[in-house]
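J.: Structure file upload.txt (compact mmCIF, C-alpha atoms and all ligand atoms) right here:
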```
# COMPACT_ATOMS: atom_id res chain seq x y z
CA MET L 946 -10.98 6.86 -6.96
CA ALA L 947 -8.92 3.64 -7.16
CA MET L 948 -8.43 4.15 -10.90
CA LYS L 949 -7.30 7.74 -10.42
CA LYS L 950 -4.81 6.65 -7.77
CA LYS L 951 -3.35 4.13 -10.22
CA LEU L 952 -3.22 6.75 -12.96
CA ILE L 953 -1.46 9.19 -10.68
CA LYS L 954 1.01 6.46 -9.73
CA ILE L 955 1.80 5.78 -13.40
CA LEU L 956 2.42 9.49 -14.02
CA GLY L 957 4.35 9.85 -10.77
CA ASP L 958 6.61 6.88 -11.59
CA ALA L 959 7.37 8.51 -14.94
CA ALA L 960 8.88 11.40 -12.93
CA GLY L 961 7.79 14.19 -15.23
CA GLU L 962 8.22 12.23 -18.50
CA ILE L 963 5.29 12.05 -20.90
CA VAL L 964 3.25 8.83 -20.85
CA SER L 965 1.12 8.27 -23.94
CA GLY L 966 -2.65 7.77 -23.83
CA PRO L 967 -2.47 4.25 -25.39
CA GLU L 968 0.17 3.19 -22.85
CA ILE L 969 -1.98 4.33 -19.92
CA SER L 970 -5.07 2.70 -21.37
CA SER L 971 -3.26 -0.62 -21.74
CA LEU L 972 -1.72 -0.45 -18.23
CA LEU L 973 -5.12 0.29 -16.68
CA SER L 974 -7.17 -1.82 -19.10
CA ILE L 975 -9.52 1.07 -19.81
CA SER L 976 -10.35 2.93 -23.03
CA ARG L 977 -8.45 6.02 -24.11
CA VAL L 978 -11.64 8.03 -23.64
CA ALA L 979 -11.81 6.80 -20.04
CA VAL L 980 -8.17 7.82 -19.55
CA TRP L 981 -8.98 11.28 -20.86
CA LYS L 982 -11.98 11.58 -18.49
CA HIS L 983 -9.91 10.59 -15.45
CA ILE L 984 -7.20 13.07 -16.43
CA LYS L 985 -9.79 15.80 -16.76
CA GLN L 986 -11.17 15.03 -13.29
CA LEU L 987 -7.69 14.91 -11.77
CA LYS L 988 -6.96 18.33 -13.23
CA GLU L 989 -10.19 19.59 -11.69
CA MET L 990 -9.03 18.16 -8.35
CA GLY L 991 -5.95 20.35 -8.68
CA TYR L 992 -3.32 17.92 -9.97
CA ASP L 993 -0.87 19.67 -12.21
CA ILE L 994 -1.06 17.46 -15.32
CA VAL L 995 0.25 18.69 -18.64
CA SER L 996 -1.55 17.28 -21.71
CA SER L 997 -0.07 17.29 -25.18
CA SER L 998 -0.51 15.40 -28.42
CA ARG L 999 2.12 12.90 -27.16
CA GLY L 1000 0.32 12.14 -23.89
CA TYR L 1001 0.30 13.27 -20.29
CA ALA L 1002 2.89 14.26 -17.70
CA LEU L 1003 2.75 15.29 -14.09
CA ASP L 1004 4.53 18.52 -13.38
CA ALA L 1005 6.04 17.62 -10.02
CA ALA L 1006 8.78 20.21 -10.23
CA THR L 1007 6.61 23.26 -10.63
CA SER L 1008 3.65 22.32 -8.50
CA ASP L 1009 3.95 23.06 -4.81
CA LEU L 1010 0.59 21.56 -3.94
CA PRO L 1011 0.78 19.22 -0.96
CA MET L 1012 -0.92 16.28 -2.66
CA PRO L 1013 -0.54 12.67 -1.58
CA LEU L 1014 1.21 11.43 -4.67
CA TYR L 1015 4.17 13.69 -4.16
CA PHE L 1016 4.93 12.40 -0.69
CA THR L 1017 6.96 9.33 -1.50
CA LYS L 1018 7.04 8.03 2.09
CA ARG L 1019 3.54 9.08 3.11
CA LYS L 1020 1.26 8.74 0.10
CA GLU L 1021 -1.24 6.57 1.97
CA SER L 1022 -1.58 8.84 4.97
CA ILE L 1023 -2.04 12.17 3.17
CA HIS L 1024 -5.58 13.23 2.28
CA TYR L 1025 -5.74 16.27 0.04
CA TYR L 1026 -8.92 18.20 -0.79
CA PRO L 1027 -9.21 21.34 -2.92
CA THR L 1028 -12.02 22.57 -0.62
CA LEU L 1029 -13.36 21.49 2.77
CA THR L 1030 -15.51 23.16 5.39
CA SER L 1031 -12.63 22.57 7.79
CA THR L 1032 -9.82 20.03 7.88
CA MET L 1033 -10.81 19.53 11.55
CA ASP L 1034 -14.22 18.17 10.50
CA LYS L 1035 -12.74 15.76 7.96
CA ALA L 1036 -9.97 14.65 10.31
CA ARG L 1037 -12.46 13.93 13.08
CA GLU L 1038 -14.53 11.81 10.70
CA LEU L 1039 -11.44 9.90 9.53
CA ALA L 1040 -10.09 9.47 13.08
CA ARG L 1041 -13.43 8.10 14.26
CA SER L 1042 -13.40 5.60 11.44
CA GLY L 1043 -9.93 4.42 12.46
CA ASP L 1044 -7.39 6.31 10.32
CA PRO L 1045 -3.93 5.73 11.76
CA HIS L 1046 -1.46 7.86 13.70
CA MET L 1047 0.24 10.56 11.57
CA SER L 1048 -2.53 10.77 8.97
CA VAL L 1049 -2.78 14.26 7.50
CA VAL L 1050 -5.81 16.08 6.08
CA ILE L 1051 -4.99 19.07 3.87
CA ALA L 1052 -7.29 21.55 2.17
CA GLU L 1053 -6.29 24.18 -0.33
CA GLU L 1054 -9.21 26.26 0.89
CA GLN L 1055 -11.58 26.04 3.90
CA GLN L 1056 -15.08 27.46 3.83
CA ASN L 1057 -15.47 27.38 7.57
CA GLY L 1058 -11.96 27.34 9.00
CA ARG L 1059 -11.97 27.41 12.80
CA GLY L 1060 -9.64 29.12 15.21
CA ARG L 1061 -9.27 28.79 18.97
CA LEU L 1062 -12.09 30.00 21.23
CA ASN L 1063 -14.59 29.53 18.37
CA ARG L 1064 -13.02 32.21 16.22
CA LYS L 1065 -13.24 32.13 12.45
CA TRP L 1066 -10.00 31.27 10.68
CA PHE L 1067 -9.72 32.87 7.25
CA SER L 1068 -8.39 30.21 4.92
CA GLN L 1069 -7.87 31.54 1.44
CA LYS L 1070 -5.92 29.68 -1.22
CA GLY L 1071 -2.16 29.79 -0.83
CA GLY L 1072 -2.05 29.06 2.90
CA LEU L 1073 -1.10 25.72 4.37
CA TRP L 1074 -4.19 24.42 6.16
CA PHE L 1075 -3.96 20.93 7.58
CA THR L 1076 -4.89 18.67 10.47
CA LEU L 1077 -2.81 15.81 11.85
CA ILE L 1078 -4.48 12.75 13.31
CA LEU L 1079 -2.38 11.56 16.23
CA ARG L 1080 -2.77 8.61 18.51
CA PRO L 1081 -0.29 9.10 21.33
CA HIS L 1082 -0.44 6.52 24.08
CA LEU L 1083 -1.10 9.12 26.75
CA PRO L 1084 -3.76 9.97 29.30
CA PRO L 1085 -5.82 13.07 28.32
CA PRO L 1086 -4.18 15.49 30.80
CA LEU L 1087 -0.88 15.02 28.95
CA ALA L 1088 -2.27 15.84 25.49
CA TYR L 1089 -0.82 19.35 25.72
CA GLN L 1090 2.64 17.80 25.16
CA VAL L 1091 1.71 16.99 21.60
CA ASN L 1092 0.57 20.59 20.90
CA PHE L 1093 3.75 22.05 22.30
CA ALA L 1094 5.83 19.55 20.31
CA ALA L 1095 4.02 20.58 17.12
CA SER L 1096 4.70 24.29 17.79
CA ILE L 1097 8.38 23.60 18.41
CA CYS L 1098 8.77 21.57 15.21
CA LEU L 1099 6.90 24.04 13.03
CA THR L 1100 8.93 26.92 14.44
CA ARG L 1101 12.22 25.12 13.81
CA THR L 1102 11.19 24.11 10.30
CA ILE L 1103 10.36 27.73 9.43
CA GLN L 1104 13.56 29.02 11.03
CA GLN L 1105 15.69 26.50 9.17
CA MET L 1106 14.04 26.84 5.78
CA PHE L 1107 13.61 30.62 5.62
CA ASP L 1108 15.98 31.97 8.22
CA MET L 1109 13.05 33.82 9.77
CA ASP L 1110 13.27 35.02 13.33
CA VAL L 1111 10.03 33.43 14.54
CA SER L 1112 8.94 32.84 18.13
CA VAL L 1113 6.17 30.97 19.91
CA LYS L 1114 3.46 32.73 21.86
CA TRP L 1115 1.64 30.86 24.61
CA PRO L 1116 -0.13 28.61 24.14
CA ASN L 1117 0.30 27.76 20.47
CA ASP L 1118 0.84 30.65 18.09
CA ILE L 1119 3.85 31.31 15.94
CA LEU L 1120 4.77 34.96 15.55
CA PHE L 1121 7.00 36.91 13.23
CA LYS L 1122 7.80 40.45 14.36
CA GLY L 1123 4.82 40.31 16.71
CA LYS L 1124 2.38 39.32 13.94
CA LYS L 1125 0.67 35.97 13.64
CA LEU L 1126 2.27 33.60 11.18
CA ALA L 1127 0.60 30.38 12.31
CA GLY L 1128 -1.95 29.09 14.80
CA LEU L 1129 -2.64 25.64 16.19
CA LEU L 1130 -5.93 24.17 17.32
CA SER L 1131 -6.45 20.77 18.89
CA GLU L 1132 -9.42 18.47 19.38
CA MET L 1133 -9.34 15.24 21.30
CA GLU L 1134 -11.45 12.18 21.98
CA THR L 1135 -10.76 9.67 24.68
CA ARG L 1136 -11.38 5.99 25.19
CA GLY L 1137 -11.49 4.93 28.81
CA ASP L 1138 -8.70 6.77 30.57
CA MET L 1139 -6.49 7.17 27.50
CA ILE L 1140 -6.50 9.39 24.42
CA SER L 1141 -8.18 7.76 21.45
CA PHE L 1142 -6.98 10.50 19.11
CA VAL L 1143 -5.85 14.07 19.30
CA ASN L 1144 -6.17 16.06 16.10
CA ILE L 1145 -3.93 19.07 15.70
CA GLY L 1146 -5.02 21.65 13.16
CA ILE L 1147 -2.33 23.93 11.84
CA GLY L 1148 -3.00 27.11 9.92
CA LEU L 1149 0.19 28.51 8.44
CA ASN L 1150 0.16 31.70 6.41
CA ALA L 1151 2.41 30.54 3.60
CA ASN L 1152 1.67 32.02 0.16
CA ASN L 1153 -1.53 33.86 1.11
CA TYR L 1154 -1.92 37.52 2.02
CA PRO L 1155 -3.52 37.39 5.49
CA GLY L 1156 -3.05 41.12 6.10
CA GLU L 1157 -5.97 41.76 3.74
CA VAL L 1158 -8.38 40.23 6.28
CA GLU L 1159 -6.42 40.33 9.52
CA PRO L 1160 -4.07 43.30 10.02
CA ASN L 1161 -2.17 41.53 12.77
CA ALA L 1162 -1.18 38.58 10.60
CA VAL L 1163 1.71 37.96 8.23
CA SER L 1164 2.71 35.24 5.76
CA ILE L 1165 6.02 33.69 4.79
CA ARG L 1166 5.45 35.14 1.33
CA ASN L 1167 5.13 38.64 2.82
CA PHE L 1168 8.59 38.13 4.34
CA MET L 1169 10.27 36.33 1.43
CA GLY L 1170 8.76 38.51 -1.28
CA LYS L 1171 8.03 35.38 -3.34
CA SER L 1172 6.06 32.14 -3.12
CA ILE L 1173 7.43 29.30 -1.11
CA HIS L 1174 7.20 25.56 -1.74
CA ARG L 1175 4.48 24.39 0.63
CA ARG L 1176 4.99 20.70 -0.05
CA THR L 1177 8.66 20.82 0.96
CA LEU L 1178 7.75 22.77 4.08
CA LEU L 1179 5.05 20.28 5.04
CA SER L 1180 7.27 17.32 4.33
CA ASN L 1181 10.15 18.73 6.41
CA PHE L 1182 7.77 19.54 9.25
CA LEU L 1183 6.21 16.05 9.21
CA ASP L 1184 9.63 14.34 9.30
CA HIS L 1185 10.79 16.57 12.14
CA PHE L 1186 7.56 16.17 14.10
CA GLU L 1187 7.47 12.40 13.72
CA GLU L 1188 11.03 12.17 15.01
CA THR L 1189 10.24 14.44 17.98
CA LEU L 1190 7.15 12.44 18.88
CA HIS L 1191 9.17 9.26 18.65
CA CYS L 1192 11.77 10.64 21.06
CA HIS L 1193 9.43 12.19 23.60
CA ILE L 1194 5.94 10.76 23.45
CA PRO L 1195 4.78 7.14 23.49
CA GLY L 1196 2.90 6.29 20.31
CA PRO L 1197 0.46 3.54 19.42
CA ALA L 1198 3.30 1.17 18.48
CA ASP L 1199 4.79 1.48 21.96
CA HIS L 1200 1.48 0.44 23.39
CA ASP L 1201 1.35 -2.61 21.12
CA LEU L 1202 4.92 -3.55 22.05
CA LYS L 1203 4.15 -3.17 25.72
CA ARG L 1204 1.14 -5.42 25.43
CA SER L 1205 3.16 -8.06 23.56
CA GLY L 1206 5.90 -7.86 26.19
CA VAL L 1207 8.57 -6.84 23.64
CA GLN L 1208 11.28 -4.46 24.88
CA LYS L 1209 12.08 -1.80 22.28
CA ASN L 1210 15.57 -0.37 22.15
CA ASN L 1211 14.70 3.12 23.24
CA ALA L 1212 17.87 4.08 25.00
CA HIS L 1213 17.82 7.50 23.30
CA ARG L 1214 14.25 8.25 24.28
CA SER L 1215 13.90 10.66 27.07
CA ASN L 1216 10.30 10.12 28.18
CA SER L 1217 10.84 13.68 29.23
CA PHE L 1218 7.13 14.34 29.09
CA GLN L 1219 6.87 12.60 32.44
CA ARG L 1220 10.06 13.08 34.34
CA GLY L 1221 12.38 15.76 33.05
CA ASP L 1222 15.02 14.04 35.16
CA ASN L 1223 17.62 13.31 32.50
CA GLN L 1224 19.96 15.26 30.28
CA GLU L 1225 17.67 15.79 27.32
CA PRO L 1226 15.54 18.94 27.52
CA THR L 1227 11.84 18.36 27.99
CA ILE L 1228 9.32 19.47 25.38
CA ILE L 1229 8.36 22.38 27.62
CA SER L 1230 11.92 23.49 28.21
CA GLN L 1231 12.58 23.41 24.44
CA TRP L 1232 9.41 25.45 23.91
CA LYS L 1233 10.54 27.98 26.51
CA GLU L 1234 13.78 28.49 24.57
CA MET L 1235 11.78 29.87 21.66
CA THR L 1236 8.96 31.79 23.33
CA SER L 1237 8.47 35.52 23.26
CA THR L 1238 5.72 35.37 25.91
CA ILE L 1239 7.78 35.03 29.08
CA GLY L 1240 8.69 38.45 30.48
CA LYS L 1241 5.92 40.23 28.57
CA LYS L 1242 2.93 42.07 29.97
CA VAL L 1243 0.01 39.98 28.84
CA THR L 1244 -3.75 39.93 28.74
CA ILE L 1245 -5.37 36.49 28.76
CA GLU L 1246 -8.93 35.92 27.63
CA THR L 1247 -10.63 32.68 28.53
CA HIS L 1248 -14.32 31.90 28.11
CA GLY L 1249 -15.77 34.76 30.10
CA GLU L 1250 -12.71 35.82 32.14
CA ILE L 1251 -9.85 38.23 31.53
CA PHE L 1252 -6.53 38.19 33.39
CA GLN L 1253 -3.71 40.70 33.21
CA GLY L 1254 -0.16 40.61 34.47
CA THR L 1255 3.41 39.73 33.60
CA ALA L 1256 4.11 36.30 32.12
CA MET L 1257 6.63 34.70 34.50
CA ASP L 1258 6.89 31.10 33.34
CA VAL L 1259 5.27 28.14 31.64
CA ASP L 1260 5.31 25.18 34.00
CA GLU L 1261 5.87 21.54 33.06
CA SER L 1262 2.12 21.05 32.66
CA GLY L 1263 2.02 23.76 29.98
CA ALA L 1264 0.20 26.28 32.20
CA LEU L 1265 1.13 29.95 31.93
CA VAL L 1266 2.18 31.48 35.24
CA ILE L 1267 1.46 35.20 35.44
CA GLN L 1268 2.06 37.69 38.18
CA GLN L 1269 -0.98 39.90 38.36
CA ASP L 1270 -0.65 43.59 38.97
CA ASP L 1271 -1.65 43.02 42.64
CA GLY L 1272 1.40 40.75 43.00
CA ILE L 1273 -0.60 37.52 43.17
CA GLU L 1274 0.59 34.66 40.96
CA LYS L 1275 -1.95 32.82 38.86
CA LYS L 1276 -1.68 29.70 36.72
CA ILE L 1277 -3.72 29.72 33.55
CA ILE L 1278 -4.29 26.48 31.69
CA TYR L 1279 -6.03 27.78 28.59
CA GLY L 1280 -7.01 31.00 26.93
CA ASP L 1281 -6.00 33.46 24.27
CA CYS L 1282 -2.93 35.48 25.12
CA PHE L 1283 -2.25 39.00 23.91
CA HIS L 1284 1.19 40.49 24.29
CA GLN L 1285 0.95 44.11 25.31
CA LYS L 1286 2.96 46.34 23.04
CA LEU L 1287 5.88 47.87 24.89
CA PRO L 1288 6.36 51.63 24.61
CA THR L 1289 9.20 52.35 22.17
CA ILE L 1290 11.76 53.43 24.78
CA GLU L 1291 11.16 50.27 26.83
CA LYS L 1292 11.49 48.19 23.68
CA GLU L 1293 14.81 49.75 22.77
CA LEU L 1294 16.19 49.19 26.26
CA LYS L 1295 15.09 45.59 26.08
CA GLU L 1296 16.75 45.07 22.70
CA ASN L 1297 19.96 46.51 24.13
CA LYS L 1298 19.56 44.04 27.04
CA LYS L 1299 19.41 46.90 29.54
CA LEU L 1300 16.05 45.78 30.78
C1 LIG L 1401 -5.83 29.72 16.19
O1 LIG L 1401 -4.78 30.33 16.25
O2 LIG L 1401 -6.88 30.23 16.58
C2 LIG L 1401 -5.81 28.32 15.62
C3 LIG L 1401 -6.01 28.34 14.15
C4 LIG L 1401 -6.02 26.96 13.54
C5 LIG L 1401 -6.37 27.00 12.07
C6 LIG L 1401 -6.22 25.66 11.43
S1 LIG L 1401 -6.27 25.72 9.67
C7 LIG L 1401 -6.32 23.99 9.61
C8 LIG L 1401 -7.26 23.55 10.70
N1 LIG L 1401 -8.62 23.62 10.25
C9 LIG L 1401 -9.33 24.53 10.89
O3 LIG L 1401 -10.53 24.78 10.68
N2 LIG L 1401 -8.58 25.13 11.81
C10 LIG L 1401 -7.24 24.62 11.82
```
How does the structure come out when it is put into structure tokens?
T.:
Amino acid sequence: MAMKKKLIKILGDAAGEIVSGPEISSLLSISRVAVWKHIKQLKEMGYDIVSSSRGYALDAATSDLPMPLYFTKRKESIHYYPTLTSTMDKARELARSGDPHMSVVIAEEQQNGRGRLNRKWFSQKGGLWFTLILRPHLPPPLAYQVNFAASICLTRTIQQMFDMDVSVKWPNDILFKGKKLAGLLSEMETRGDMISFVNIGIGLNANNYPGEVEPNAVSIRNFMGKSIHRRTLLSNFLDHFEETLHCHIPGPADHDLKRSGVQKNNAHRSNSFQRGDNQEPTIISQWKEMTSTIGKKVTIETHGEIFQGTAMDVDESGALVIQQDDGIEKKIIYGDCFHQKLPTIEKELKENKKL
């Protein structure tokens, strides 16, 4: 793999220009036949390499594949696979073997994609299926902050890039016109009383047609009427998310600094995950600004229990507060939430702000 990485770097540095076979073979000190074999394998891995009698070129402009090479800042932390059982499985393996904070595992296709509550997640080609390995310096009960931060950042990225009117549904779905555009799944391991890693899996219907398998789902392509550039979307999201984590959630570097006694200049950081006592909105309050759950009649399914009522609030611990039909309030910390469809007249009144 080391040789392929070097080859990809040579083609990447040429920024779309053709590099001849003899030049590559001399730079890598391998035969031209070996160059040809590596190119063939890279093409099989999905890299968009154009071969001609003059040599080889990487088609960075036309390929939207989220492959490591294309991420100038993050090459080392992006792991791309044409097919995986699930990016969650691979990410867990990498996290256990020590891969750092903000590593990303992407698959073009998943054979066994997983959703929340052990559901199957259909993961055909064209979607954006990835898992982030995160190492926040937090105790396990605060892990939910990272999930909510990811939902906020993905929502904003989609809103900004495509001008889509998307909202978040408790706990971690992204909806467009009531249909599911993206879902988030997290898995965590702890060491002592702190998080060792929390992996956040994101399934975003980008260029796929989810409606073929799941009538209540929609993709960005369905809305835009054309394919979108997944790599730009992922890159924008990662930049935005990293910045948000930096502002709100202590990362591994903060832990190292604390241990070494160094004071970091963090005047702008809110630490809002703990206090919510300063000007900057907390993660939860930002999330509440973009949710379509609060105010809705909802049904919540957990493992073995079903609750119904009106969603009143999401508290600072991320729990959904519902008022049940008997008037009793209940806090729910996990589960799958279904918005009840409003009858048309009620919906119209609500849109006209008369409700
Ligand atoms: C849900 O809404 O139920 C969560 C869906 C999460 C799907 C993503 S796709 C990438 C990652 N790998 C998986 O197997 N699942 C998550």
J.: 6 Å from ligand LIG 1401 (chain L) is the threshold here; counting all atoms listed in the file, which polymer residues fall inside it? Answer as a ChimeraX atom specification.
T.: /L:1031-1033,1058-1061,1066,1074-1076,1118,1128-1130,1146-1148
J.: Using all atoms listed in the file - which residues lie no farther than 7 Å from the point (3.6, 17.4, -15.4) in the file's frame? Write them as a list in words.
T.: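 Taken together, the residues in range are Gly961, Asp993, Ile994, Val995, Ala1002, Leu1003, Asp1004 and Ala1005 of chain L.
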J.: List as a PDB file with C-alpha atoms, keeping the file's coordinate frame the protein and nucleic acid residues near Pro1027 in chain L, meaning an atom at most 12 Å away when all atoms listed in the file are counted, but skip any in the same chain fewer than 6 places from it.
T.:
```pdb
ATOM      1  CA  LEU L 987      -7.690  14.910 -11.770  1.00  0.00           C
ATOM      2  CA  LYS L 988      -6.960  18.330 -13.230  1.00  0.00           C
ATOM      3  CA  GLU L 989     -10.190  19.590 -11.690  1.00  0.00           C
ATOM      4  CA  MET L 990      -9.030  18.160  -8.350  1.00  0.00           C
ATOM      5  CA  GLY L 991      -5.950  20.350  -8.680  1.00  0.00           C
ATOM      6  CA  TYR L 992      -3.320  17.920  -9.970  1.00  0.00           C
ATOM      7  CA  LEU L1010       0.590  21.560  -3.940  1.00  0.00           C
ATOM      8  CA  PRO L1011       0.780  19.220  -0.960  1.00  0.00           C
ATOM      9  CA  MET L1012      -0.920  16.280  -2.660  1.00  0.00           C
ATOM     10  CA  VAL L1050      -5.810  16.080   6.080  1.00  0.00           C
ATOM     11  CA  ILE L1051      -4.990  19.070   3.870  1.00  0.00           C
ATOM     12  CA  ALA L1052      -7.290  21.550   2.170  1.00  0.00           C
ATOM     13  CA  GLU L1053      -6.290  24.180  -0.330  1.00  0.00           C
ATOM     14  CA  GLU L1054      -9.210  26.260   0.890  1.00  0.00           C
ATOM     15  CA  GLN L1055     -11.580  26.040   3.900  1.00  0.00           C
ATOM     16  CA  GLN L1056     -15.080  27.460   3.830  1.00  0.00           C
ATOM     17  CA  SER L1068      -8.390  30.210   4.920  1.00  0.00           C
ATOM     18  CA  GLN L1069      -7.870  31.540   1.440  1.00  0.00           C
ATOM     19  CA  LYS L1070      -5.920  29.680  -1.220  1.00  0.00           C
ATOM     20  CA  GLY L1071      -2.160  29.790  -0.830  1.00  0.00           C
ATOM     21  CA  LEU L1073      -1.100  25.720   4.370  1.00  0.00           C
ATOM     22  CA  TRP L1074      -4.190  24.420   6.160  1.00  0.00           C
ATOM     23  CA  PHE L1075      -3.960  20.930   7.580  1.00  0.00           C
TER      24      PHE L1075
END
```
J.: If the box runs along x, y and z of the file and leaves 5 Å on each side of range 1025-1033 of chain L, what are its centre and edge lengths in Å, one decimal, as JSON?
T.:
```
{"center_x": -10.6, "center_y": 19.7, "center_z": 4.3, "size_x": 19.8, "size_y": 16.9, "size_z": 24.5}
```
J.: Can you tell me, as JSON, numbers by chain, what residues are no more than 12 Å from Asp1108 in chain L when counting only C-alpha atoms, ignoring any on the same chain fewer than 3 positions away?
T.: {"L": [1100, 1101, 1102, 1103, 1104, 1105, 1111, 1121, 1165, 1168, 1169]}
J.: What does the distance from CA of Glu1038 in chain L to CA of Lys1065 in chain L come to in Å, to one decimal?
T.: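 Between CA of Glu1038 in chain L and CA of Lys1065 in chain L the gap is 20.4 Å.
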J.: Considering all atoms listed in the file, can you say which of L:Lys954, L:His1284, L:Arg1037, L:Lys982 comes closest to Ser1131 in chain L?
T.: L:Arg1037
J.: So what do you get for CA of Arg1176 in chain L versus CA of Tyr1026 in chain L, distance-wise?
T.: 14.2 Å
J.: Give me the residues within 7 Å of Gly1254 in chain L as a compact mmCIF listing (two decimals) with C-alpha atoms, in the coordinates of the input, counting all atoms listed in the file and dropping any in the same chain fewer than 6 places off.
T.:
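Just written: selection26.txt:
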```
# COMPACT_ATOMS: atom_id res chain seq x y z
CA LYS L 1242 2.93 42.07 29.97
CA VAL L 1243 0.01 39.98 28.84
CA THR L 1244 -3.75 39.93 28.74
CA ILE L 1267 1.46 35.20 35.44
CA GLN L 1268 2.06 37.69 38.18
CA GLN L 1269 -0.98 39.90 38.36
CA ASP L 1270 -0.65 43.59 38.97
```
J.: Return the single residue from L:Leu1039, L:Leu1087, L:Met1047, L:Leu1179 that is closest to Leu1099 in chain L, with distances computed using only C-alpha atoms.
T.: L:Leu1179
J.: How many Å separate CA of Ile1273 in chain L from CA of Tyr1089 in chain L?
T.: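 That distance, rounded to one decimal, is 25.2 Å.
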J.: Please list as a PyMOL selection string every residue within 8 Å of Arg1166 in chain L, counting only C-alpha atoms and excluding residues in the same chain fewer than 5 positions away.
T.: chain L and resi 1151-1154+1171-1173
J.: Nearest residue to Gly1170 in chain L out of L:Thr1227, L:Ser1096, L:Trp1232, L:Phe1107, using all atoms listed in the file?
T.: L:Phe1107
J.: For Ser1042 in chain L, please output as a list in words all residues within 12 Å (counting all atoms listed in the file; exclusion window: fewer than 4 positions along the same chain).
T.: Lys1035, Ala1036, Arg1037, Glu1038, Ile1078, Ser1141 and Phe1142 of chain L
J.: Could you check which of L:His1174, L:His1191, L:Arg1064, L:Arg1080 is closest to Asn1144 in chain L, using all atoms listed in the file?
T.: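 Nearest to Asn1144 in chain L: L:Arg1080.
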J.: Rank L:Asp1044, L:Glu1132, L:Asp958, L:Glu1159 by their smallest atom-to-atom distance to Leu1062 in chain L, using only C-alpha atoms, and report the top residue only.
T.: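 Smallest separation from Leu1062 in chain L among the options: L:Glu1132.
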J.: Find the residue from L:Pro1195, L:Pro1116, L:Pro1155, L:Gly1000 that sits nearest to Leu956 in chain L; use all atoms listed in the file when measuring.
T.: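 Smallest separation from Leu956 in chain L among the options: L:Gly1000.
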J.: Regenerate range 1135-1145 of chain L at the level of N, CA, C and O atoms and dump it as an mmCIF file, keeping the file's coordinate frame.
T.:
```cif
data_model
loop_
_atom_site.group_PDB
_atom_site.id
_atom_site.type_symbol
_atom_site.label_atom_id
_atom_site.label_comp_id
_atom_site.auth_asym_id
_atom_site.auth_seq_id
_atom_site.Cartn_x
_atom_site.Cartn_y
_atom_site.Cartn_z
ATOM 1 N N THR L 1135 -11.410 10.637 23.801
ATOM 2 C CA THR L 1135 -10.760 9.670 24.680
ATOM 3 C C THR L 1135 -11.482 8.322 24.626
ATOM 4 O O THR L 1135 -12.647 8.241 24.220
ATOM 5 N N ARG L 1136 -10.756 7.302 24.998
ATOM 6 C CA ARG L 1136 -11.380 5.990 25.190
ATOM 7 C C ARG L 1136 -10.917 5.496 26.543
ATOM 8 O O ARG L 1136 -9.709 5.360 26.762
ATOM 9 N N GLY L 1137 -11.863 5.294 27.447
ATOM 10 C CA GLY L 1137 -11.490 4.930 28.810
ATOM 11 C C GLY L 1137 -10.653 6.056 29.393
ATOM 12 O O GLY L 1137 -10.998 7.226 29.269
ATOM 13 N N ASP L 1138 -9.509 5.702 29.971
ATOM 14 C CA ASP L 1138 -8.700 6.770 30.570
ATOM 15 C C ASP L 1138 -7.512 7.150 29.700
ATOM 16 O O ASP L 1138 -6.547 7.738 30.168
ATOM 17 N N MET L 1139 -7.580 6.807 28.402
ATOM 18 C CA MET L 1139 -6.490 7.170 27.500
ATOM 19 C C MET L 1139 -7.023 7.962 26.300
ATOM 20 O O MET L 1139 -8.211 7.919 25.992
ATOM 21 N N ILE L 1140 -6.118 8.649 25.628
ATOM 22 C CA ILE L 1140 -6.500 9.390 24.420
ATOM 23 C C ILE L 1140 -6.790 8.385 23.299
ATOM 24 O O ILE L 1140 -6.002 7.467 23.063
ATOM 25 N N SER L 1141 -7.926 8.569 22.636
ATOM 26 C CA SER L 1141 -8.180 7.760 21.450
ATOM 27 C C SER L 1141 -7.490 8.428 20.252
ATOM 28 O O SER L 1141 -6.759 7.811 19.505
ATOM 29 N N PHE L 1142 -7.749 9.732 20.091
ATOM 30 C CA PHE L 1142 -6.980 10.500 19.110
ATOM 31 C C PHE L 1142 -6.949 11.957 19.532
ATOM 32 O O PHE L 1142 -7.843 12.429 20.234
ATOM 33 N N VAL L 1143 -5.896 12.623 19.141
ATOM 34 C CA VAL L 1143 -5.850 14.070 19.300
ATOM 35 C C VAL L 1143 -5.496 14.629 17.917
ATOM 36 O O VAL L 1143 -4.503 14.225 17.308
ATOM 37 N N ASN L 1144 -6.380 15.474 17.416
ATOM 38 C CA ASN L 1144 -6.170 16.060 16.100
ATOM 39 C C ASN L 1144 -5.631 17.471 16.254
ATOM 40 O O ASN L 1144 -6.228 18.287 16.954
ATOM 41 N N ILE L 1145 -4.521 17.732 15.601
ATOM 42 C CA ILE L 1145 -3.930 19.070 15.700
ATOM 43 C C ILE L 1145 -4.076 19.771 14.358
ATOM 44 O O ILE L 1145 -3.544 19.308 13.342
#
```
